[in-house]
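What's in coords_31.tsv: TSV, C-alpha atoms
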```
chain	number	residue	atom	x	y	z
A	1314	MET	CA	-9.44	3.17	-19.75
A	1315	ILE	CA	-5.94	4.20	-20.77
A	1316	LEU	CA	-5.00	3.03	-24.24
A	1317	LYS	CA	-2.72	0.01	-24.31
A	1318	SER	CA	-0.13	1.83	-26.40
A	1319	SER	CA	0.02	4.80	-24.03
A	1320	PHE	CA	0.50	2.94	-20.74
A	1321	PRO	CA	4.28	2.49	-21.13
A	1322	ASP	CA	4.64	6.25	-21.63
A	1323	PHE	CA	2.66	6.89	-18.46
A	1324	TYR	CA	4.73	4.31	-16.56
A	1325	HIS	CA	7.97	5.94	-17.65
A	1326	SER	CA	6.73	9.32	-16.42
A	1327	ILE	CA	7.09	7.98	-12.86
A	1328	PRO	CA	10.69	8.28	-11.55
A	1329	SER	CA	12.59	5.01	-11.47
A	1330	SER	CA	12.98	5.40	-7.69
A	1331	VAL	CA	9.19	5.25	-7.23
A	1332	LYS	CA	7.14	2.06	-7.56
A	1333	LEU	CA	3.80	2.42	-9.33
A	1334	VAL	CA	1.04	0.22	-7.95
A	1335	VAL	CA	-1.85	0.14	-10.41
A	1336	VAL	CA	-5.08	0.21	-8.40
A	1337	SER	CA	-7.19	-2.39	-10.16
A	1338	LYS	CA	-10.21	-2.46	-7.85
A	1339	ASN	CA	-13.52	-2.54	-9.74
A	1340	GLN	CA	-11.64	-3.25	-12.97
A	1341	PRO	CA	-12.27	-6.35	-15.09
A	1342	VAL	CA	-9.62	-9.02	-15.41
A	1343	GLU	CA	-9.20	-8.13	-19.10
A	1344	SER	CA	-8.10	-4.58	-18.25
A	1345	ILE	CA	-5.56	-5.85	-15.71
A	1346	GLN	CA	-4.24	-8.39	-18.21
A	1347	GLU	CA	-3.81	-5.65	-20.81
A	1348	ILE	CA	-1.56	-3.63	-18.51
A	1349	TYR	CA	0.26	-6.80	-17.44
A	1350	ASP	CA	0.96	-7.52	-21.11
A	1351	ASP	CA	2.62	-4.10	-21.34
A	1352	GLY	CA	5.10	-5.30	-18.73
A	1353	HIS	CA	3.64	-4.04	-15.44
A	1354	ARG	CA	3.60	-6.37	-12.44
A	1355	PHE	CA	2.38	-4.36	-9.42
A	1356	PHE	CA	-1.36	-4.18	-8.77
A	1357	GLY	CA	-3.45	-3.15	-5.78
A	1358	GLU	CA	-6.83	-4.32	-4.51
A	1359	ASN	CA	-8.81	-3.18	-1.48
A	1360	LYS	CA	-11.40	-5.93	-1.04
A	1361	ALA	CA	-10.48	-9.46	-0.07
A	1362	GLN	CA	-13.28	-11.14	-1.99
A	1363	GLU	CA	-12.52	-9.24	-5.19
A	1364	LEU	CA	-8.87	-10.24	-4.99
A	1365	LEU	CA	-9.84	-13.87	-4.40
A	1366	THR	CA	-12.00	-13.78	-7.52
A	1367	LYS	CA	-9.34	-12.22	-9.76
A	1368	TYR	CA	-6.27	-14.05	-8.48
A	1369	PRO	CA	-6.79	-17.44	-10.20
A	1370	LEU	CA	-7.57	-15.73	-13.53
A	1371	LEU	CA	-4.35	-13.73	-13.78
A	1372	PRO	CA	-0.61	-14.52	-14.06
A	1373	LYS	CA	0.98	-15.71	-10.86
A	1374	ASP	CA	4.01	-13.41	-11.04
A	1375	ILE	CA	1.86	-10.36	-10.26
A	1376	GLU	CA	2.92	-8.66	-7.03
A	1377	TRP	CA	-0.38	-8.01	-5.28
A	1378	HIS	CA	-0.69	-5.13	-2.80
A	1379	PHE	CA	-3.63	-4.96	-0.42
A	1380	ILE	CA	-4.29	-1.25	-0.09
A	1381	GLY	CA	-7.56	-1.03	1.82
A	1382	HIS	CA	-8.62	-1.27	5.42
A	1383	ILE	CA	-8.89	-4.92	6.38
A	1384	GLN	CA	-10.62	-6.64	9.26
A	1385	THR	CA	-8.67	-9.24	11.18
A	1386	ASN	CA	-11.06	-12.01	10.15
A	1387	LYS	CA	-10.29	-11.37	6.47
A	1388	VAL	CA	-6.51	-11.66	6.79
A	1389	LYS	CA	-6.63	-15.42	6.34
A	1390	LEU	CA	-8.21	-14.91	2.91
A	1391	ILE	CA	-5.45	-12.71	1.50
A	1392	ALA	CA	-2.40	-14.09	3.32
A	1393	PRO	CA	-1.64	-16.74	0.65
A	1394	LEU	CA	-1.87	-14.14	-2.14
A	1395	VAL	CA	-0.50	-10.72	-1.21
A	1396	HIS	CA	3.07	-9.48	-1.08
A	1397	VAL	CA	2.38	-6.21	0.75
A	1398	ILE	CA	-0.36	-5.00	3.11
A	1399	HIS	CA	-0.46	-1.20	3.22
A	1400	SER	CA	-2.97	-0.77	6.02
A	1401	ILE	CA	-1.58	-1.95	9.36
A	1402	ASP	CA	-3.25	0.29	11.93
A	1403	SER	CA	-3.13	-1.83	15.10
A	1404	LEU	CA	-0.97	-4.37	16.89
A	1405	LYS	CA	-3.89	-6.81	16.80
A	1406	LEU	CA	-3.99	-6.66	13.01
A	1407	LEU	CA	-0.21	-7.05	12.75
A	1408	GLN	CA	-0.34	-10.12	14.98
A	1409	GLU	CA	-3.07	-11.62	12.81
A	1410	VAL	CA	-0.92	-11.10	9.70
A	1411	GLU	CA	1.96	-12.80	11.52
A	1412	LYS	CA	-0.25	-15.79	12.40
A	1413	GLU	CA	-1.59	-16.26	8.88
A	1414	ALA	CA	1.75	-15.61	7.19
A	1415	ARG	CA	3.31	-18.24	9.44
A	1416	LYS	CA	0.62	-20.74	8.42
A	1417	ASN	CA	1.46	-20.09	4.79
A	1418	GLN	CA	5.22	-20.03	5.45
A	1419	ARG	CA	5.73	-16.77	3.59
A	1420	ILE	CA	6.95	-13.30	4.47
A	1421	ILE	CA	4.34	-10.55	4.07
A	1422	ASP	CA	5.64	-7.00	3.97
A	1423	CYS	CA	3.54	-4.57	6.02
A	1424	LEU	CA	3.26	-0.79	6.10
A	1425	LEU	CA	2.17	1.13	9.18
A	1426	GLN	CA	-0.77	3.30	8.18
A	1427	PHE	CA	-0.78	6.81	9.64
A	1428	HIS	CA	-3.71	9.18	9.90
A	1429	ILE	CA	-2.38	12.36	8.32
A	1430	ALA	CA	-5.56	13.82	6.80
A	1431	THR	CA	-8.14	16.20	8.23
A	1432	GLU	CA	-10.96	13.75	7.47
A	1433	GLU	CA	-11.90	11.71	10.52
A	1434	THR	CA	-13.19	8.92	8.30
A	1435	LYS	CA	-9.70	7.83	7.33
A	1436	PHE	CA	-7.95	5.12	9.34
A	1437	GLY	CA	-4.45	5.22	10.78
A	1438	LEU	CA	-2.07	5.52	13.69
A	1439	ASN	CA	-0.46	8.53	15.27
A	1440	LEU	CA	3.26	8.54	15.96
A	1441	GLY	CA	2.84	7.60	19.62
A	1442	GLU	CA	0.72	4.57	18.74
A	1443	ALA	CA	3.26	3.44	16.15
A	1444	ARG	CA	6.06	3.69	18.69
A	1445	GLN	CA	4.03	1.65	21.15
A	1446	ILE	CA	3.65	-1.13	18.59
A	1447	LEU	CA	7.35	-1.10	17.71
A	1448	ARG	CA	8.40	-1.20	21.36
A	1449	SER	CA	6.14	-4.14	22.19
A	1450	GLU	CA	7.32	-7.64	22.92
A	1451	ALA	CA	4.86	-8.89	20.30
A	1452	PHE	CA	6.64	-6.88	17.62
A	1453	SER	CA	10.04	-8.20	18.66
A	1454	ASN	CA	8.74	-11.75	18.16
A	1455	LEU	CA	7.54	-11.25	14.60
A	1456	GLU	CA	9.07	-13.54	11.98
A	1457	PHE	CA	6.71	-13.52	9.01
A	1458	ALA	CA	5.06	-10.07	9.13
A	1459	ARG	CA	7.81	-7.61	8.19
A	1460	ILE	CA	7.41	-3.87	8.68
A	1461	THR	CA	8.95	-2.23	5.62
A	1462	GLY	CA	7.66	1.34	5.82
A	1463	VAL	CA	4.70	3.66	6.25
A	1464	MET	CA	1.55	4.62	4.40
A	1465	GLY	CA	-0.82	7.57	4.55
A	1466	MET	CA	-3.61	9.24	2.60
A	1467	ALA	CA	-3.76	13.01	2.37
A	1468	THR	CA	-6.94	15.03	2.62
A	1469	TYR	CA	-9.04	14.93	-0.55
A	1470	SER	CA	-8.59	18.62	-1.29
A	1471	ASP	CA	-7.55	21.13	-3.94
A	1472	ASP	CA	-5.47	22.90	-1.28
A	1473	VAL	CA	-1.97	22.01	-2.47
A	1474	SER	CA	-0.34	23.46	0.64
A	1475	LEU	CA	-2.49	21.29	2.91
A	1476	VAL	CA	-1.78	18.14	0.95
A	1477	ARG	CA	1.96	18.90	0.77
A	1478	ASN	CA	2.14	19.48	4.54
A	1479	GLU	CA	0.41	16.16	5.19
A	1480	PHE	CA	2.82	14.28	2.96
A	1481	CYS	CA	5.71	16.08	4.63
A	1482	ARG	CA	4.40	14.93	8.00
A	1483	LEU	CA	4.33	11.30	6.84
A	1484	LYS	CA	7.90	11.58	5.56
A	1485	ASN	CA	8.92	12.96	8.96
A	1486	HIS	CA	7.20	10.03	10.68
A	1487	PHE	CA	9.14	7.66	8.44
A	1488	ASP	CA	12.43	9.38	9.25
A	1489	GLN	CA	11.81	9.28	12.98
A	1490	LEU	CA	10.85	5.61	13.01
A	1491	GLN	CA	13.81	4.75	10.82
A	1492	ASN	CA	16.18	6.51	13.20
A	1493	GLU	CA	14.62	5.06	16.34
A	1494	PHE	CA	13.82	1.48	15.33
A	1495	PHE	CA	15.19	0.58	11.90
A	1496	SER	CA	18.56	2.28	11.58
A	1497	THR	CA	20.23	-1.02	10.69
A	1498	THR	CA	17.33	-2.49	8.73
A	1499	GLU	CA	17.66	-2.05	4.97
A	1500	THR	CA	14.15	-3.36	4.30
A	1501	PHE	CA	12.50	-0.40	6.07
A	1502	ARG	CA	12.42	1.88	3.04
A	1503	GLU	CA	8.88	2.42	1.73
A	1504	ILE	CA	6.79	5.59	1.95
A	1505	SER	CA	3.47	4.77	0.33
A	1506	MET	CA	1.73	8.06	-0.38
A	1507	GLY	CA	0.15	9.61	-3.42
A	1508	MET	CA	-2.93	8.69	-5.45
A	1509	SER	CA	-4.25	9.87	-8.79
A	1510	GLY	CA	-5.07	13.40	-7.65
A	1511	ASP	CA	-1.92	14.14	-5.68
A	1512	TYR	CA	0.83	11.69	-6.64
A	1513	GLN	CA	3.08	14.36	-8.15
A	1514	ILE	CA	3.12	16.27	-4.86
A	1515	ALA	CA	3.74	13.01	-3.00
A	1516	ILE	CA	6.74	12.21	-5.17
A	1517	GLU	CA	8.16	15.68	-4.55
A	1518	GLU	CA	7.82	15.05	-0.80
A	1519	GLY	CA	9.62	11.71	-0.83
A	1520	SER	CA	7.14	9.01	-1.81
A	1521	THR	CA	8.67	5.70	-2.87
A	1522	LEU	CA	5.37	4.12	-3.88
A	1523	VAL	CA	2.26	5.65	-5.48
A	1524	ARG	CA	-1.15	4.03	-5.89
A	1525	LEU	CA	-2.88	5.07	-9.11
A	1526	GLY	CA	-6.22	3.94	-10.48
A	1527	THR	CA	-8.24	6.83	-11.90
A	1528	ALA	CA	-5.18	8.33	-13.61
A	1529	ILE	CA	-4.80	5.08	-15.53
A	1530	PHE	CA	-8.30	3.71	-16.01
A	1531	GLY	CA	-10.31	6.95	-15.98
A	1532	GLU	CA	-13.08	8.04	-13.64
A	1533	ARG	CA	-15.10	5.39	-11.85
A	1534	ASN	CA	-17.96	5.60	-9.39
A	1535	GLN	CA	-15.46	5.29	-6.56
A	1536	LYS	CA	-12.20	7.20	-6.08
A	1537	ASP	CA	-8.94	5.23	-5.87
```

Structure translated into structure tokens:
Amino acid sequence: MILKSSFPDFYHSIPSSVKLVVVSKNQPVESIQEIYDDGHRFFGENKAQELLTKYPLLPKDIEWHFIGHIQTNKVKLIAPLVHVIHSIDSLKLLQEVEKEARKNQRIIDCLLQFHIATEETKFGLNLGEARQILRSEAFSNLEFARITGVMGMATYSDDVSLVRNEFCRLKNHFDQLQNEFFSTTETFREISMGMSGDYQIAIEEGSTLVRLGTAIFGERNQKD
């Protein structure tokens, strides 16, 4: 794990225009608390049950981001806890977030997840599918699920050109959707792209939010 004294230096290496979400999945509560004590407030989990276990043991002013694929039947578990869901990849899922957010009387920010990588195993929309969601009557009726940007994961590759092109594509998707659907909406502003192995490229290509776990905590059995 990163030394307590060195985390602020790492945090300040990220531009002030970019939000750092510390990916705390598989990490003990003590490690999260240590980084919290250094002043950080943005953490990301990708499993509903793990978040439910950690949430009551940690300070309540943490801004929790759900960064993993989520099934519709699990939305009710995280809706009272999360501020942002990064992985909206269908209208059905968005409607479920709306339903559960309404029950809890709280706004949940949502990012449209795009499939930009070469790996077929990754989830996400294409631009046509995103447009279909945003043109739907269901979207126009949303009150508690708020679309605030886009998210995508690049190919896990050492090919810098490939990764850069994929991030560039996501930025272009963001720009097109902003022009077509959100030109007067100030809250549509997030481009969530970049993880421990490629966040510097992502920032160069316009990321406003990076999700870092391994770069902070060190190697684990699972990649962030």

inquiry  = Please list as a list of chain:residue names every residue within 7 Å of Leu1333 (chain A), counting all atoms listed in the file and excluding residues in the same chain fewer than 6 positions away.
reply    =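 Everything that qualifies: A:Phe1355, A:Leu1522, A:Val1523, A:Arg1524.
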
Rows by chain and residue number, region 1424-1465 of chain A within 12 Å of region 1412-1418 of chain A, shortest pair, all atoms listed in the file, as CSV:
```
residue,atom,partner,partner_atom,distance
A:Ala1451,CA,A:Lys1412,CA,11.7
A:Asn1454,CA,A:Lys1412,CA,11.4
A:Leu1455,CA,A:Lys1412,CA,9.3
A:Glu1456,CA,A:Arg1415,CA,7.9
A:Phe1457,CA,A:Ala1414,CA,5.7
A:Ala1458,CA,A:Ala1414,CA,6.7
A:Arg1459,CA,A:Ala1414,CA,10.1
```

Padded axis-aligned box of region 1409-1425 of chain A (5 Å per side), centre and edge lengths, Å, one decimal, as JSON:
```
{"center_x": 1.9, "center_y": -9.8, "center_z": 8.2, "size_x": 20.0, "size_y": 31.9, "size_z": 19.2}
```

Between CA of Glu1442 (chain A) and CA of Lys1405 (chain A), distance in Å (one decimal) =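 CA of Lys1405 (chain A) lies at a distance of 12.4 Å from CA of Glu1442 (chain A).
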
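Nearest to Val1336 (chain A) of all the residues A:Gly1352, A:Pro1393, A:Gly1519, A:Gly1507 is A:Gly1507, counting only C-alpha atoms.
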
Closest-contact table, region 1439-1466 of chain A side, partner region 1426-1435 of chain A, 6 Å, counting all atoms listed in the file, as a tab-separated table:
```
residue	atom	partner	partner_atom	distance
A:Asn1439	CA	A:Phe1427	CA	5.9
A:Val1463	CA	A:Gln1426	CA	5.8
A:Met1464	CA	A:Gln1426	CA	4.6
A:Gly1465	CA	A:Phe1427	CA	5.1
```

Incomplete region 1338-1349 of chain A filled out to all heavy atoms as a PDB file, in the frame of the given file:
```
ATOM      1  N   LYS A1338      -8.892  -2.170  -8.435  1.00  0.00           N
ATOM      2  CA  LYS A1338     -10.210  -2.460  -7.850  1.00  0.00           C
ATOM      3  C   LYS A1338     -11.308  -2.013  -8.809  1.00  0.00           C
ATOM      4  O   LYS A1338     -11.183  -0.998  -9.510  1.00  0.00           O
ATOM      5  CB  LYS A1338     -10.365  -1.748  -6.509  1.00  0.00           C
ATOM      6  CG  LYS A1338     -10.477  -0.237  -6.595  1.00  0.00           C
ATOM      7  CD  LYS A1338     -10.669   0.368  -5.225  1.00  0.00           C
ATOM      8  CE  LYS A1338     -10.946   1.868  -5.339  1.00  0.00           C
ATOM      9  NZ  LYS A1338     -11.168   2.498  -4.029  1.00  0.00           N
ATOM     10  N   ASN A1339     -12.367  -2.801  -8.872  1.00  0.00           N
ATOM     11  CA  ASN A1339     -13.520  -2.540  -9.740  1.00  0.00           C
ATOM     12  C   ASN A1339     -13.216  -2.676 -11.227  1.00  0.00           C
ATOM     13  O   ASN A1339     -14.082  -2.393 -12.053  1.00  0.00           O
ATOM     14  CB  ASN A1339     -14.119  -1.147  -9.484  1.00  0.00           C
ATOM     15  CG  ASN A1339     -14.541  -0.939  -8.048  1.00  0.00           C
ATOM     16  OD1 ASN A1339     -15.030  -1.861  -7.398  1.00  0.00           O
ATOM     17  ND2 ASN A1339     -14.343   0.272  -7.538  1.00  0.00           N
ATOM     18  N   GLN A1340     -11.998  -3.100 -11.558  1.00  0.00           N
ATOM     19  CA  GLN A1340     -11.640  -3.250 -12.970  1.00  0.00           C
ATOM     20  C   GLN A1340     -11.745  -4.716 -13.389  1.00  0.00           C
ATOM     21  O   GLN A1340     -11.435  -5.615 -12.613  1.00  0.00           O
ATOM     22  CB  GLN A1340     -10.210  -2.758 -13.211  1.00  0.00           C
ATOM     23  CG  GLN A1340      -9.993  -1.287 -12.928  1.00  0.00           C
ATOM     24  CD  GLN A1340     -10.810  -0.397 -13.839  1.00  0.00           C
ATOM     25  OE1 GLN A1340     -11.133  -0.768 -14.966  1.00  0.00           O
ATOM     26  NE2 GLN A1340     -11.143   0.791 -13.352  1.00  0.00           N
ATOM     27  N   PRO A1341     -12.179  -4.965 -14.624  1.00  0.00           N
ATOM     28  CA  PRO A1341     -12.270  -6.350 -15.090  1.00  0.00           C
ATOM     29  C   PRO A1341     -10.886  -6.969 -15.279  1.00  0.00           C
ATOM     30  O   PRO A1341      -9.894  -6.267 -15.483  1.00  0.00           O
ATOM     31  CB  PRO A1341     -12.997  -6.220 -16.433  1.00  0.00           C
ATOM     32  CG  PRO A1341     -12.709  -4.828 -16.883  1.00  0.00           C
ATOM     33  CD  PRO A1341     -12.621  -3.996 -15.638  1.00  0.00           C
ATOM     34  N   VAL A1342     -10.870  -8.268 -15.237  1.00  0.00           N
ATOM     35  CA  VAL A1342      -9.620  -9.020 -15.410  1.00  0.00           C
ATOM     36  C   VAL A1342      -8.954  -8.661 -16.743  1.00  0.00           C
ATOM     37  O   VAL A1342      -7.722  -8.555 -16.831  1.00  0.00           O
ATOM     38  CB  VAL A1342      -9.902 -10.527 -15.318  1.00  0.00           C
ATOM     39  CG1 VAL A1342      -8.703 -11.330 -15.810  1.00  0.00           C
ATOM     40  CG2 VAL A1342     -10.243 -10.919 -13.885  1.00  0.00           C
ATOM     41  N   GLU A1343      -9.751  -8.432 -17.774  1.00  0.00           N
ATOM     42  CA  GLU A1343      -9.200  -8.130 -19.100  1.00  0.00           C
ATOM     43  C   GLU A1343      -8.376  -6.836 -19.082  1.00  0.00           C
ATOM     44  O   GLU A1343      -7.340  -6.748 -19.751  1.00  0.00           O
ATOM     45  CB  GLU A1343     -10.334  -8.011 -20.121  1.00  0.00           C
ATOM     46  CG  GLU A1343     -11.066  -9.307 -20.403  1.00  0.00           C
ATOM     47  CD  GLU A1343     -12.063  -9.686 -19.321  1.00  0.00           C
ATOM     48  OE1 GLU A1343     -12.351  -8.848 -18.425  1.00  0.00           O
ATOM     49  OE2 GLU A1343     -12.550 -10.834 -19.360  1.00  0.00           O
ATOM     50  N   SER A1344      -8.832  -5.844 -18.324  1.00  0.00           N
ATOM     51  CA  SER A1344      -8.100  -4.580 -18.250  1.00  0.00           C
ATOM     52  C   SER A1344      -6.775  -4.754 -17.516  1.00  0.00           C
ATOM     53  O   SER A1344      -5.755  -4.162 -17.881  1.00  0.00           O
ATOM     54  CB  SER A1344      -8.953  -3.523 -17.546  1.00  0.00           C
ATOM     55  OG  SER A1344     -10.099  -3.222 -18.309  1.00  0.00           O
ATOM     56  N   ILE A1345      -6.788  -5.571 -16.460  1.00  0.00           N
ATOM     57  CA  ILE A1345      -5.560  -5.850 -15.710  1.00  0.00           C
ATOM     58  C   ILE A1345      -4.580  -6.613 -16.603  1.00  0.00           C
ATOM     59  O   ILE A1345      -3.382  -6.300 -16.652  1.00  0.00           O
ATOM     60  CB  ILE A1345      -5.876  -6.640 -14.434  1.00  0.00           C
ATOM     61  CG1 ILE A1345      -6.832  -5.842 -13.546  1.00  0.00           C
ATOM     62  CG2 ILE A1345      -4.594  -6.979 -13.674  1.00  0.00           C
ATOM     63  CD1 ILE A1345      -7.383  -6.631 -12.372  1.00  0.00           C
ATOM     64  N   GLN A1346      -5.094  -7.593 -17.330  1.00  0.00           N
ATOM     65  CA  GLN A1346      -4.240  -8.390 -18.210  1.00  0.00           C
ATOM     66  C   GLN A1346      -3.594  -7.520 -19.282  1.00  0.00           C
ATOM     67  O   GLN A1346      -2.430  -7.722 -19.644  1.00  0.00           O
ATOM     68  CB  GLN A1346      -5.062  -9.499 -18.868  1.00  0.00           C
ATOM     69  CG  GLN A1346      -4.259 -10.441 -19.757  1.00  0.00           C
ATOM     70  CD  GLN A1346      -3.302 -11.310 -18.977  1.00  0.00           C
ATOM     71  OE1 GLN A1346      -3.696 -11.980 -18.042  1.00  0.00           O
ATOM     72  NE2 GLN A1346      -2.026 -11.309 -19.361  1.00  0.00           N
ATOM     73  N   GLU A1347      -4.339  -6.539 -19.779  1.00  0.00           N
ATOM     74  CA  GLU A1347      -3.810  -5.650 -20.810  1.00  0.00           C
ATOM     75  C   GLU A1347      -2.595  -4.882 -20.304  1.00  0.00           C
ATOM     76  O   GLU A1347      -1.576  -4.764 -21.009  1.00  0.00           O
ATOM     77  CB  GLU A1347      -4.912  -4.678 -21.250  1.00  0.00           C
ATOM     78  CG  GLU A1347      -4.541  -3.802 -22.421  1.00  0.00           C
ATOM     79  CD  GLU A1347      -5.697  -2.933 -22.865  1.00  0.00           C
ATOM     80  OE1 GLU A1347      -6.783  -2.999 -22.265  1.00  0.00           O
ATOM     81  OE2 GLU A1347      -5.495  -2.155 -23.820  1.00  0.00           O
ATOM     82  N   ILE A1348      -2.688  -4.372 -19.082  1.00  0.00           N
ATOM     83  CA  ILE A1348      -1.560  -3.630 -18.510  1.00  0.00           C
ATOM     84  C   ILE A1348      -0.416  -4.584 -18.161  1.00  0.00           C
ATOM     85  O   ILE A1348       0.761  -4.264 -18.334  1.00  0.00           O
ATOM     86  CB  ILE A1348      -2.028  -2.808 -17.307  1.00  0.00           C
ATOM     87  CG1 ILE A1348      -2.946  -1.684 -17.789  1.00  0.00           C
ATOM     88  CG2 ILE A1348      -0.852  -2.235 -16.527  1.00  0.00           C
ATOM     89  CD1 ILE A1348      -3.507  -0.818 -16.701  1.00  0.00           C
ATOM     90  N   TYR A1349      -0.767  -5.776 -17.678  1.00  0.00           N
ATOM     91  CA  TYR A1349       0.260  -6.800 -17.440  1.00  0.00           C
ATOM     92  C   TYR A1349       1.028  -7.094 -18.730  1.00  0.00           C
ATOM     93  O   TYR A1349       2.254  -7.205 -18.720  1.00  0.00           O
ATOM     94  CB  TYR A1349      -0.411  -8.078 -16.916  1.00  0.00           C
ATOM     95  CG  TYR A1349       0.538  -9.236 -16.742  1.00  0.00           C
ATOM     96  CD1 TYR A1349       1.173  -9.469 -15.523  1.00  0.00           C
ATOM     97  CD2 TYR A1349       0.821 -10.096 -17.803  1.00  0.00           C
ATOM     98  CE1 TYR A1349       2.055 -10.529 -15.374  1.00  0.00           C
ATOM     99  CE2 TYR A1349       1.697 -11.160 -17.664  1.00  0.00           C
ATOM    100  CZ  TYR A1349       2.314 -11.361 -16.440  1.00  0.00           C
ATOM    101  OH  TYR A1349       3.200 -12.406 -16.298  1.00  0.00           O
TER     102      TYR A1349
END
```
